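*Asks:* Sharing input-v7.txt here; it has compact mmCIF, C-alpha atoms.
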# COMPACT_ATOMS: atom_id res chain seq x y z
CA MET T 1 81.06 90.49 135.38
CA GLY T 2 84.33 90.00 137.30
CA LEU T 3 87.88 90.32 136.08
CA MET T 4 89.90 87.42 134.70
CA GLN T 5 93.66 87.03 134.50
CA VAL T 6 95.12 87.09 131.00
CA THR T 7 98.78 86.57 130.11
CA VAL T 8 99.97 87.63 126.68
CA ARG T 9 102.92 85.52 125.57
CA PRO T 10 105.80 85.57 124.88
CA SER T 11 106.25 88.89 126.74
CA GLN T 12 104.31 87.49 129.73
CA GLU T 13 102.45 90.79 129.95
CA ARG T 14 99.60 90.33 132.47
CA ARG T 15 96.21 91.94 131.99
CA GLU T 16 92.98 91.90 133.96
CA VAL T 17 90.00 91.90 131.65
CA ALA T 18 86.25 91.50 131.97
CA ALA T 19 84.78 89.76 128.91
CA ALA T 20 81.90 87.32 128.41
CA THR T 21 83.43 85.34 125.53
CA VAL T 22 86.78 84.71 123.84
CA GLU T 23 85.67 86.86 120.92
CA ALA T 24 84.78 89.73 123.28
CA LEU T 25 88.11 89.33 125.06
CA LEU T 26 90.11 89.70 121.83
CA THR T 27 87.96 92.62 120.69
CA GLN T 28 88.47 94.37 124.02
CA LEU T 29 92.24 93.94 123.76
CA GLY T 30 92.21 95.11 120.12
CA LEU T 31 93.59 91.80 118.85
CA HIS T 32 92.69 90.11 115.55
CA ARG T 33 91.12 86.66 115.84
CA ASP T 34 93.19 85.28 112.97
CA ALA T 35 96.42 86.40 114.60
CA HIS T 36 95.96 84.88 118.07
CA LEU T 37 95.13 81.69 119.92
CA VAL T 38 93.48 81.84 123.35
CA LEU T 39 94.26 79.02 125.78
CA ARG T 40 92.77 77.97 129.10
CA GLY T 41 95.48 75.69 130.47
CA ASN T 42 96.44 73.51 127.52
CA GLU T 43 93.02 73.81 125.89
CA ILE T 44 92.63 76.04 122.81
CA LEU T 45 89.33 77.94 122.95
CA THR T 46 87.08 78.85 120.05
CA ALA T 47 85.70 82.39 119.80
CA ASP T 48 82.25 81.49 121.16
CA VAL T 49 83.45 79.97 124.45
CA ARG T 50 81.92 81.71 127.47
CA LEU T 51 84.48 82.85 130.02
CA LYS T 52 84.24 82.68 133.79
CA THR T 53 85.57 85.14 136.33
CA ASP T 54 88.19 82.78 137.73
CA ASP T 55 89.50 81.74 134.29
CA VAL T 56 93.27 82.00 133.83
CA LEU T 57 93.96 82.55 130.15
CA ASP T 58 96.98 82.75 127.85
CA ILE T 59 97.00 84.58 124.55
CA ILE T 60 99.52 83.38 121.99
CA PRO T 61 100.27 85.59 118.99
CA VAL T 62 100.76 83.46 115.89
CA ILE T 63 102.09 86.01 113.41
CA SER T 64 105.78 85.97 112.62
CA GLY T 65 107.57 88.25 110.23
CA GLY T 66 110.89 88.56 108.48
CA SER T 67 112.26 85.99 106.10
CA ARG T 68 111.28 82.34 106.20
CA PRO T 69 113.83 79.56 106.11
CA MET P 1 81.04 75.33 118.79
CA LYS P 2 81.07 71.63 117.88
CA CYS P 3 83.68 69.60 116.02
CA THR P 4 82.69 69.22 112.36
CA ARG P 5 83.85 65.60 112.46
CA CYS P 6 82.81 64.13 115.84
CA ALA P 7 80.50 66.78 117.37
CA ARG P 8 82.54 67.09 120.57
CA THR P 9 83.51 70.55 121.84
CA ALA P 10 85.68 72.18 119.18
CA ASN P 11 89.08 73.75 119.86
CA VAL P 12 90.18 75.16 116.52
CA GLU P 13 87.85 77.14 114.29
CA ILE P 14 88.53 77.48 110.55
CA ARG P 15 86.48 80.59 109.81
CA ARG P 16 87.11 80.70 106.06
CA SER P 17 85.44 77.30 105.56
CA ARG P 18 83.01 77.47 108.51
CA GLN P 19 84.51 74.39 110.10
CA ALA P 20 85.85 73.62 113.56
CA TYR P 21 87.72 70.65 115.02
CA CYS P 22 88.41 69.26 118.46
CA ALA P 23 91.99 68.63 119.56
CA ALA P 24 91.67 64.92 118.76
CA CYS P 25 90.38 65.39 115.19
CA TYR P 26 92.38 68.52 114.28
CA PRO P 27 95.77 66.88 113.48
CA ASP P 28 94.12 64.51 111.00
CA TRP P 29 92.35 67.42 109.30
CA PHE P 30 95.61 69.42 109.16
CA ARG P 31 97.65 66.57 107.68
CA ALA P 32 94.88 65.78 105.19
CA GLN P 33 95.07 69.39 104.01
CA VAL P 34 98.85 69.10 103.60
CA GLN P 35 98.53 65.81 101.71
CA GLU P 36 95.79 67.22 99.48
CA ARG P 37 98.01 70.16 98.48
CA ILE P 38 101.04 67.92 97.94
CA ASP P 39 98.99 65.73 95.61
CA HIS P 40 97.13 68.55 93.84
CA ASP P 41 100.28 70.56 93.11
CA ARG P 42 102.45 67.45 92.56
CA MET P 43 104.91 68.70 95.17
CA LEU P 44 106.39 65.45 96.43
CA ARG P 45 106.61 61.76 95.71
CA HIS P 46 107.20 59.23 98.45
CA ASP P 47 110.61 58.37 96.96
CA ASP P 48 111.73 62.02 97.13
CA LYS P 49 114.53 62.85 99.53
CA VAL P 50 113.22 65.99 101.23
CA LEU P 51 115.23 68.63 103.09
CA VAL P 52 113.00 70.72 105.38
CA ALA P 53 114.26 74.24 106.08
CA VAL P 54 113.94 74.46 109.86
CA SER P 55 113.98 77.66 111.92
CA GLY P 56 112.74 76.37 115.29
CA GLY P 57 109.45 78.21 114.70
CA LYS P 58 105.96 76.74 114.50
CA ASP P 59 105.66 76.53 110.71
CA SER P 60 108.86 74.68 109.90
CA LEU P 61 108.51 72.27 112.84
CA ALA P 62 104.81 71.65 112.09
CA LEU P 63 105.73 70.98 108.46
CA TRP P 64 108.53 68.58 109.37
CA HIS P 65 106.27 66.78 111.86
CA ALA P 66 103.41 66.47 109.33
CA LEU P 67 105.65 65.28 106.47
CA VAL P 68 107.17 62.55 108.60
CA ARG P 69 103.72 61.46 109.83
CA LEU P 70 102.57 61.34 106.20
CA GLY P 71 105.40 58.95 105.40
CA TYR P 72 107.86 61.23 103.58
CA GLN P 73 111.63 60.88 103.94
CA ALA P 74 112.34 64.28 105.44
CA ASP P 75 115.53 65.49 107.10
CA GLY P 76 115.92 69.00 108.49
CA MET P 77 118.44 71.78 108.13
CA TYR P 78 119.00 74.59 110.60
CA LEU P 79 121.04 77.65 109.65
CA ARG P 80 122.90 79.36 112.51
CA LEU P 81 122.37 83.01 111.66
CA GLY P 82 124.20 84.48 114.66
CA ILE P 83 121.33 86.68 115.86
CA GLY P 84 122.40 86.59 119.53
CA GLY P 85 120.24 84.80 122.09
CA TYR P 86 117.36 84.47 119.64
CA SER P 87 119.44 82.24 117.36
CA GLN P 88 120.66 80.22 120.32
CA ARG P 89 117.13 79.59 121.58
CA SER P 90 115.71 78.74 118.16
CA GLN P 91 118.61 76.35 117.54
CA GLU P 92 117.82 74.59 120.82
CA LYS P 93 114.16 74.18 119.76
CA ALA P 94 115.17 72.71 116.38
CA GLU P 95 117.68 70.34 117.98
CA ALA P 96 115.25 69.26 120.71
CA PHE P 97 112.55 68.49 118.15
CA ALA P 98 114.92 66.46 115.96
CA ARG P 99 116.17 64.56 119.00
CA SER P 100 112.69 63.78 120.33
CA GLU P 101 111.50 62.57 116.92
CA GLY P 102 114.71 60.72 116.08
CA LEU P 103 115.22 62.80 112.94
CA ARG P 104 118.37 63.99 111.19
CA LEU P 105 119.16 67.71 111.45
CA HIS P 106 121.93 69.24 109.35
CA GLN P 107 123.39 72.54 110.54
CA VAL P 108 125.41 75.31 108.92
CA ASP P 109 127.08 77.98 111.05
CA LEU P 110 127.49 81.24 109.11
CA LYS P 111 130.11 82.67 111.49
CA ALA P 112 132.24 79.54 111.74
CA GLU P 113 132.00 78.53 108.09
CA TYR P 114 131.64 81.87 106.27
CA GLY P 115 133.05 84.45 108.70
CA TYR P 116 129.95 86.62 109.06
CA THR P 117 126.55 86.68 110.78
CA VAL P 118 123.21 88.15 109.67
CA PRO P 119 123.67 91.23 111.94
CA ASP P 120 126.90 91.90 109.98
CA LEU P 121 124.73 92.39 106.89
CA LEU P 122 123.06 95.44 108.47
CA GLU P 123 124.33 98.85 107.44
CA THR P 124 125.97 97.36 104.39
CA ARG P 125 124.71 97.72 100.85
CA SER P 126 123.07 94.33 101.20
CA GLY P 127 119.70 95.97 101.83
CA LYS P 128 117.18 95.41 104.60
CA PRO P 129 117.94 92.68 107.14
CA CYS P 130 114.99 90.43 106.22
CA SER P 131 115.65 90.49 102.48
CA ALA P 132 119.39 89.87 103.04
CA CYS P 133 118.62 87.10 105.53
CA GLY P 134 116.18 85.54 103.05
CA ALA P 135 118.82 85.57 100.32
CA VAL P 136 121.32 83.86 102.65
CA LYS P 137 118.76 81.19 103.58
CA ARG P 138 117.77 80.47 99.97
CA TYR P 139 121.43 80.12 99.03
CA GLN P 140 122.39 77.87 101.93
CA PHE P 141 119.37 75.57 101.83
CA ASN P 142 119.81 75.09 98.10
CA ARG P 143 123.57 74.55 98.40
CA VAL P 144 123.26 71.93 101.13
CA ALA P 145 120.37 70.15 99.38
CA SER P 146 122.32 70.09 96.12
CA ASP P 147 125.58 68.94 97.75
CA LEU P 148 123.91 66.18 99.78
CA GLY P 149 121.66 64.88 97.03
CA TYR P 150 118.24 66.00 98.29
CA SER P 151 115.65 66.16 95.51
CA VAL P 152 113.40 68.78 97.13
CA VAL P 153 113.65 71.62 99.66
CA ALA P 154 110.41 72.10 101.64
CA THR P 155 109.73 75.36 103.46
CA GLY P 156 107.06 76.27 106.02
CA HIS P 157 105.58 79.23 104.11
CA ASN P 158 101.92 79.47 105.12
CA LEU P 159 98.86 81.25 103.75
CA ASP P 160 99.60 84.43 105.71
CA ASP P 161 103.20 84.53 104.45
CA GLU P 162 102.17 84.00 100.87
CA ALA P 163 99.29 86.49 100.97
CA ALA P 164 101.56 89.11 102.58
CA THR P 165 104.27 88.52 99.97
CA LEU P 166 101.70 88.79 97.19
CA PHE P 167 100.33 92.00 98.68
CA GLY P 168 103.83 93.50 98.88
CA ASN P 169 104.64 92.50 95.32
CA VAL P 170 101.38 94.02 94.08
CA VAL P 171 101.90 97.25 96.04
CA HIS P 172 105.32 97.65 94.42
CA TRP P 173 104.36 95.93 91.12
CA GLN P 174 107.31 93.56 91.31
CA THR P 175 106.34 91.65 88.19
CA ASP P 176 109.41 89.38 88.25
CA TYR P 177 108.58 88.27 91.77
CA LEU P 178 104.86 87.97 90.99
CA GLY P 179 105.67 85.64 88.12
CA ARG P 180 107.76 83.43 90.40
CA GLN P 181 105.35 83.28 93.34
CA GLY P 182 103.77 79.88 93.76
CA PRO P 183 103.75 76.70 95.84
CA VAL P 184 106.32 74.96 93.61
CA LEU P 185 109.52 76.35 92.13
CA GLU P 186 110.81 73.87 89.59
CA SER P 187 114.50 73.24 89.11
CA THR P 188 115.87 75.00 86.06
CA HIS P 189 119.54 74.17 86.61
CA PRO P 190 121.28 70.97 87.77
CA LYS P 191 122.36 72.73 90.98
CA LEU P 192 119.04 74.46 91.63
CA VAL P 193 116.96 72.13 93.79
CA ARG P 194 113.17 72.05 93.43
CA LYS P 195 111.35 73.99 96.17
CA VAL P 196 107.89 73.35 97.59
CA LYS P 197 105.61 75.01 100.15
CA PRO P 198 103.15 72.35 101.40
CA LEU P 199 101.54 74.70 104.00
CA TYR P 200 100.73 77.50 101.57
CA ARG P 201 96.96 77.17 101.98
CA LEU P 202 97.01 76.78 105.77
CA GLY P 203 96.83 79.90 107.93
CA GLU P 204 99.48 80.88 110.43
CA ARG P 205 96.93 80.33 113.21
CA GLU P 206 96.29 76.83 111.92
CA THR P 207 99.98 75.83 111.94
CA ALA P 208 100.37 77.28 115.45
CA ALA P 209 97.32 75.29 116.60
CA TYR P 210 98.77 72.11 115.04
CA ALA P 211 102.07 72.66 116.86
CA LEU P 212 100.30 73.23 120.19
CA VAL P 213 97.93 70.27 119.83
CA GLN P 214 100.83 67.99 118.85
CA GLY P 215 102.97 69.20 121.75
CA ILE P 216 105.65 70.65 119.47
CA ASP P 217 107.83 73.03 121.50
CA TYR P 218 108.60 75.92 119.15
CA ILE P 219 110.15 79.36 119.63
CA LEU P 220 107.39 81.84 120.42
CA GLU P 221 109.44 85.00 120.36
CA GLU P 222 109.78 87.07 117.20
CA CYS P 223 113.14 87.55 115.48
CA PRO P 224 114.46 90.84 116.96
CA MET P 225 115.62 91.92 113.50
CA ALA P 226 112.10 91.57 112.05
CA VAL P 227 110.71 94.45 114.12
CA GLY P 228 109.05 96.86 111.69
CA ALA P 229 109.37 94.43 108.77
CA LYS P 230 107.01 95.19 105.90
CA SER P 231 105.72 91.62 105.98
CA LEU P 232 104.35 92.23 109.49
CA ILE P 233 102.61 95.42 108.37
CA TYR P 234 101.02 93.60 105.42
CA LYS P 235 99.91 90.73 107.66
CA GLU P 236 98.30 93.18 110.08
CA MET P 237 96.38 94.79 107.21
CA LEU P 238 95.26 91.45 105.79
CA ASN P 239 94.14 90.22 109.21
CA ALA P 240 92.09 93.40 109.67
CA LEU P 241 90.38 92.55 106.38
CA GLU P 242 89.96 88.90 107.41
CA GLU P 243 88.21 90.01 110.60
CA SER P 244 85.22 91.28 108.64
CA GLN P 245 85.65 89.06 105.56
CA PRO P 246 86.67 85.53 106.61
CA GLY P 247 88.42 83.88 103.69
CA ALA P 248 89.74 87.12 102.17
CA LYS P 249 93.42 86.08 102.45
CA HIS P 250 92.65 82.70 100.89
CA GLN P 251 90.67 84.24 98.03
CA PHE P 252 93.40 86.82 97.40
CA LEU P 253 96.17 84.23 97.12
CA VAL P 254 94.29 81.43 95.42
CA GLY P 255 92.62 83.85 93.00
CA PHE P 256 96.04 85.16 91.99
CA LEU P 257 97.49 81.68 91.51
CA LYS P 258 94.50 80.56 89.43
CA LYS P 259 93.77 83.70 87.44
CA GLY P 260 96.52 86.28 87.80
CA ARG P 261 99.90 84.57 87.71
CA ALA P 262 99.68 83.25 84.18
CA SER P 263 99.44 86.78 82.83
CA VAL P 264 102.59 87.94 84.63
CA GLN P 265 105.97 87.45 83.00
CA VAL P 266 108.08 84.79 84.70
CA GLY P 267 111.06 86.17 86.64
CA SER P 268 114.47 86.12 85.02
CA PHE P 269 116.00 83.76 87.62
CA ASP P 270 113.74 80.98 86.39
CA GLN P 271 114.82 81.25 82.77
CA ALA P 272 117.22 78.36 82.61
CA THR P 273 119.12 79.63 79.60
CA GLN P 274 120.31 82.63 81.60
CA LEU P 275 121.56 80.71 84.63
CA LYS P 276 125.27 80.02 84.95
CA GLU P 277 127.52 79.00 87.83
CA CYS P 278 129.18 81.51 90.17
CA VAL P 279 132.90 81.65 89.39
CA ARG P 280 133.67 81.53 93.11
CA CYS P 281 131.24 79.07 94.71
CA GLY P 282 129.72 77.26 91.73
CA GLN P 283 126.11 77.92 92.76
CA PRO P 284 123.53 79.00 90.14
CA THR P 285 123.45 82.71 89.41
CA THR P 286 122.54 85.15 86.67
CA SER P 287 125.83 87.05 87.02
CA LEU P 288 129.55 86.23 87.18
CA VAL P 289 129.68 86.27 91.00
CA CYS P 290 126.51 85.29 92.86
CA THR P 291 124.56 87.55 95.23
CA HIS P 292 125.56 85.47 98.24
CA CYS P 293 129.29 85.69 97.58
CA LYS P 294 129.06 89.48 97.19
CA MET P 295 126.93 89.78 100.31
CA ALA P 296 129.25 87.53 102.32
CA ASP P 297 132.23 89.71 101.31
CA ARG P 298 130.50 92.78 102.68
CA GLY P 299 129.43 90.90 105.82
CA ARG P 300 133.01 89.79 106.48
CA GLU P 301 134.27 93.35 105.95
CA LYS P 302 131.73 94.60 108.47
CA ALA P 303 132.64 91.86 110.96
CA ALA P 304 136.35 92.69 110.61
CA ALA P 305 135.71 96.44 111.04
CA ARG P 306 133.64 95.74 114.15
CA ALA P 307 136.37 93.50 115.60
CA ALA P 308 139.02 96.16 114.87
CA ALA P 309 136.90 98.81 116.59
CA VAL P 310 136.58 96.62 119.70
CA ASP P 311 140.34 95.99 119.72
CA GLY P 312 141.00 99.73 119.30
CA SER P 313 138.77 100.63 122.22
CA ARG P 314 140.77 98.24 124.44
CA ASP P 315 144.10 99.94 123.58
Would you write the structure of this file as structure tokens?
*Replies:*
Amino acid sequence: MGLMQVTVRPSQERREVAAATVEALLTQLGLHRDAHLVLRGNEILTADVRLKTDDVLDIIPVISGGSRP
Amino acid sequence: MKCTRCARTANVEIRRSRQAYCAACYPDWFRAQVQERIDHDRMLRHDDKVLVAVSGGKDSLALWHALVRLGYQADGMYLRLGIGGYSQRSQEKAEAFARSEGLRLHQVDLKAEYGYTVPDLLETRSGKPCSACGAVKRYQFNRVASDLGYSVVATGHNLDDEAATLFGNVVHWQTDYLGRQGPVLESTHPKLVRKVKPLYRLGERETAAYALVQGIDYILEECPMAVGAKSLIYKEMLNALEESQPGAKHQFLVGFLKKGRASVQVGSFDQATQLKECVRCGQPTTSLVCTHCKMADRGREKAAARAAAVDGSRD
């Protein structure tokens, strides 16, 4: 299994990860499924999607803290 | 994974209900959930004049977008908190959204109109930044709604927010707050506008997915003053639980609202007989001078001291 490029937003931190599925990717990075969205281009991926070596992925954290308006 | 509705490739999975939707079907599902909650909890009527509390983040913009699509008369209000570049960027997102949708956005600038910013509330006796900021927001959104004749204030509180708040209130046994927690806060004073939370059963991930699928450009970065906030710690814990028990956050919140809340004494702020008007600003309060006026005094003192220190260093 080859490495794929992953960018974690909004920090734009770049990681190279080898994972077979979206679920495996998040597990490997120690990220909770309910707290992140994984995108390939503009497409949101479900946890079961199989990943390919040349995939370029973005991870968007969805949790915000502090006070709400 | 296939879309529950059309069987095409799914994009957004709803683990707690074992459903999934493609990008084309997801917005309809999301808005149907919002409408169902509005109807079930009698949050809004179509003749209500709604003021949406807008931060430039995913929840408030998703809420505003969904309410307008569902046919509600909803204007927005953005509060300029003065948190450096973060406030500037979130203001731009709120303004850009309002402009692109042709919607009305009211704005209040704390520094220009009240002489202080949220960072001025740090290191005062006003408490932690998020609780002080929350108090300022509640005051300002209510004041503007009341002054401009809005019948309801709608906020983007989601399932994760509400479950985290509940968890915090249980950890500290804040019975007053527990009694007040719910999707609707009725008006108990002529100047206290009704408040509703139409997204309270939708997860934070679901509102983010709605914003992305609908092309809503929201601020991704976290408020710099929220670093280390208890709410983030509680959310992390609840998401760890959700990982192995999908639906745990939902069960925790909904179980409390159905079974637990009735047995908790209602908070004092909701007892109409005790509410009076602040002698300085006229807004509802339980004391002679309201919390906001006291907090603003301390914020202005801090701002003046900071300005004097800068002037002194130039001499």
*Asks:* Need to verify the contact set: Leu57 (chain T), 8 Å, all atoms listed in the file, exclusion of same-chain residues closer than 4 positions in sequence. Can you return it as a PyMOL selection string?
*Replies:* chain T and resi 4-7+38-41
*Asks:* Go through T:Leu37, T:Ala20, T:Val56, T:Leu51 one by one, measure the shortest atom-to-atom distance of each to chain P using only C-alpha atoms, and give the residue with the smallest value.
*Replies:* T:Leu37
*Asks:* To one decimal in Å, tell me the separation between CA of Arg31 (chain P) and CA of Leu70 (chain P).
*Replies:*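 The value is 7.3 Å.
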*Asks:* Just give me the gap between CA of Ala135 (chain P) and CA of His292 (chain P) in Å, one decimal is fine.
*Replies:*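 That distance, rounded to one decimal, is 7.1 Å.
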*Asks:* Report as a list of chain:residue names all protein, DNA and RNA residues lying within 12 Å of Gly215 (chain P), evaluated on all atoms listed in the file, omitting residues in the same chain fewer than 3 positions from it.
*Replies:*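 What passes the distance filter is T:Asn42, T:Glu43, P:Ala23, P:Pro27, P:Lys58, P:Leu61, P:Ala62, P:His65, P:Phe97, P:Ser100, P:Glu101, P:Ala208, P:Ala209, P:Tyr210, P:Ala211, P:Leu212, P:Tyr218.
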*Asks:* Smallest atom-to-atom distance to chain P: which of T:Ser11, T:Lys52, T:Val22, T:Leu3, using all atoms listed in the file?
*Replies:*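 Looking only at the distances to chain P, the closest residue turns out to be T:Ser11.
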*Asks:* Please report as a PDB file with C-alpha atoms, in the coordinates of the input which residues of chain P come no farther than 7 Å from chain T, using only C-alpha atoms.
*Replies:*
ATOM      1  CA  MET P   1      81.040  75.330 118.790  1.00  0.00           C
ATOM      2  CA  ALA P  10      85.680  72.180 119.180  1.00  0.00           C
ATOM      3  CA  ASN P  11      89.080  73.750 119.860  1.00  0.00           C
ATOM      4  CA  VAL P  12      90.180  75.160 116.520  1.00  0.00           C
ATOM      5  CA  GLU P  13      87.850  77.140 114.290  1.00  0.00           C
ATOM      6  CA  ALA P  53     114.260  74.240 106.080  1.00  0.00           C
ATOM      7  CA  VAL P  54     113.940  74.460 109.860  1.00  0.00           C
ATOM      8  CA  SER P  55     113.980  77.660 111.920  1.00  0.00           C
ATOM      9  CA  CYS P 130     114.990  90.430 106.220  1.00  0.00           C
ATOM     10  CA  SER P 131     115.650  90.490 102.480  1.00  0.00           C
ATOM     11  CA  CYS P 133     118.620  87.100 105.530  1.00  0.00           C
ATOM     12  CA  GLY P 134     116.180  85.540 103.050  1.00  0.00           C
ATOM     13  CA  LYS P 137     118.760  81.190 103.580  1.00  0.00           C
ATOM     14  CA  THR P 155     109.730  75.360 103.460  1.00  0.00           C
ATOM     15  CA  HIS P 157     105.580  79.230 104.110  1.00  0.00           C
ATOM     16  CA  GLU P 204      99.480  80.880 110.430  1.00  0.00           C
ATOM     17  CA  ARG P 205      96.930  80.330 113.210  1.00  0.00           C
ATOM     18  CA  ALA P 208     100.370  77.280 115.450  1.00  0.00           C
ATOM     19  CA  LEU P 220     107.390  81.840 120.420  1.00  0.00           C
ATOM     20  CA  GLU P 221     109.440  85.000 120.360  1.00  0.00           C
ATOM     21  CA  GLU P 222     109.780  87.070 117.200  1.00  0.00           C
ATOM     22  CA  ALA P 226     112.100  91.570 112.050  1.00  0.00           C
ATOM     23  CA  ALA P 229     109.370  94.430 108.770  1.00  0.00           C
ATOM     24  CA  SER P 231     105.720  91.620 105.980  1.00  0.00           C
ATOM     25  CA  LEU P 232     104.350  92.230 109.490  1.00  0.00           C
ATOM     26  CA  ASN P 239      94.140  90.220 109.210  1.00  0.00           C
ATOM     27  CA  ALA P 240      92.090  93.400 109.670  1.00  0.00           C
ATOM     28  CA  GLU P 243      88.210  90.010 110.600  1.00  0.00           C
TER      29      GLU P 243
END
*Asks:* In Å, with one decimal, what is the gap from CA of Ile83 (chain P) to CA of His172 (chain P)?
*Replies:* 28.9 Å
*Asks:* So for region 3-6 of chain T, what box centre and size do we get, axis-aligned, 4 Å extra on each of the six sides, every listed atom, Å to one decimal, as lines of an AutoDock Vina configuration file?
*Replies:*
center_x = 91.5
center_y = 88.7
center_z = 133.5
size_x = 15.2
size_y = 11.3
size_z = 13.1
*Asks:* At most 8 Å from (102.7, 83.0, 88.9), file frame, all atoms listed in the file: which residues, as a list of chain:residue names?
*Replies:*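 With a cut-off of 8 Å, the residues come to P:Leu178, P:Gly179, P:Arg180, P:Gln181, P:Gly182, P:Phe256, P:Leu257, P:Gly260, P:Arg261, P:Ala262, P:Ser263, P:Val264, P:Val266.
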*Asks:* Just checking: using only C-alpha atoms, which residue out of P:His189, P:Leu275, P:Ser90, P:Tyr78 ends up closest to Gln107 (chain P)?
*Replies:*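 Smallest separation from Gln107 (chain P) among the options: P:Tyr78.
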*Asks:* Residues near Thr286 (chain P), anyone? I mean within 9 Å using all atoms listed in the file, not counting same-chain ones fewer than 2 positions away, as a PyMOL selection string.
*Replies:* chain P and resi 268-269+274-278+284+288-290
*Asks:* Given the point (130.0, 79.7, 111.3) in the coordinates of this file, which residues lie within 12 Å, counting only C-alpha atoms, and how would they look as a ChimeraX atom specification?
*Replies:* /P:79-82,107-118,296,300
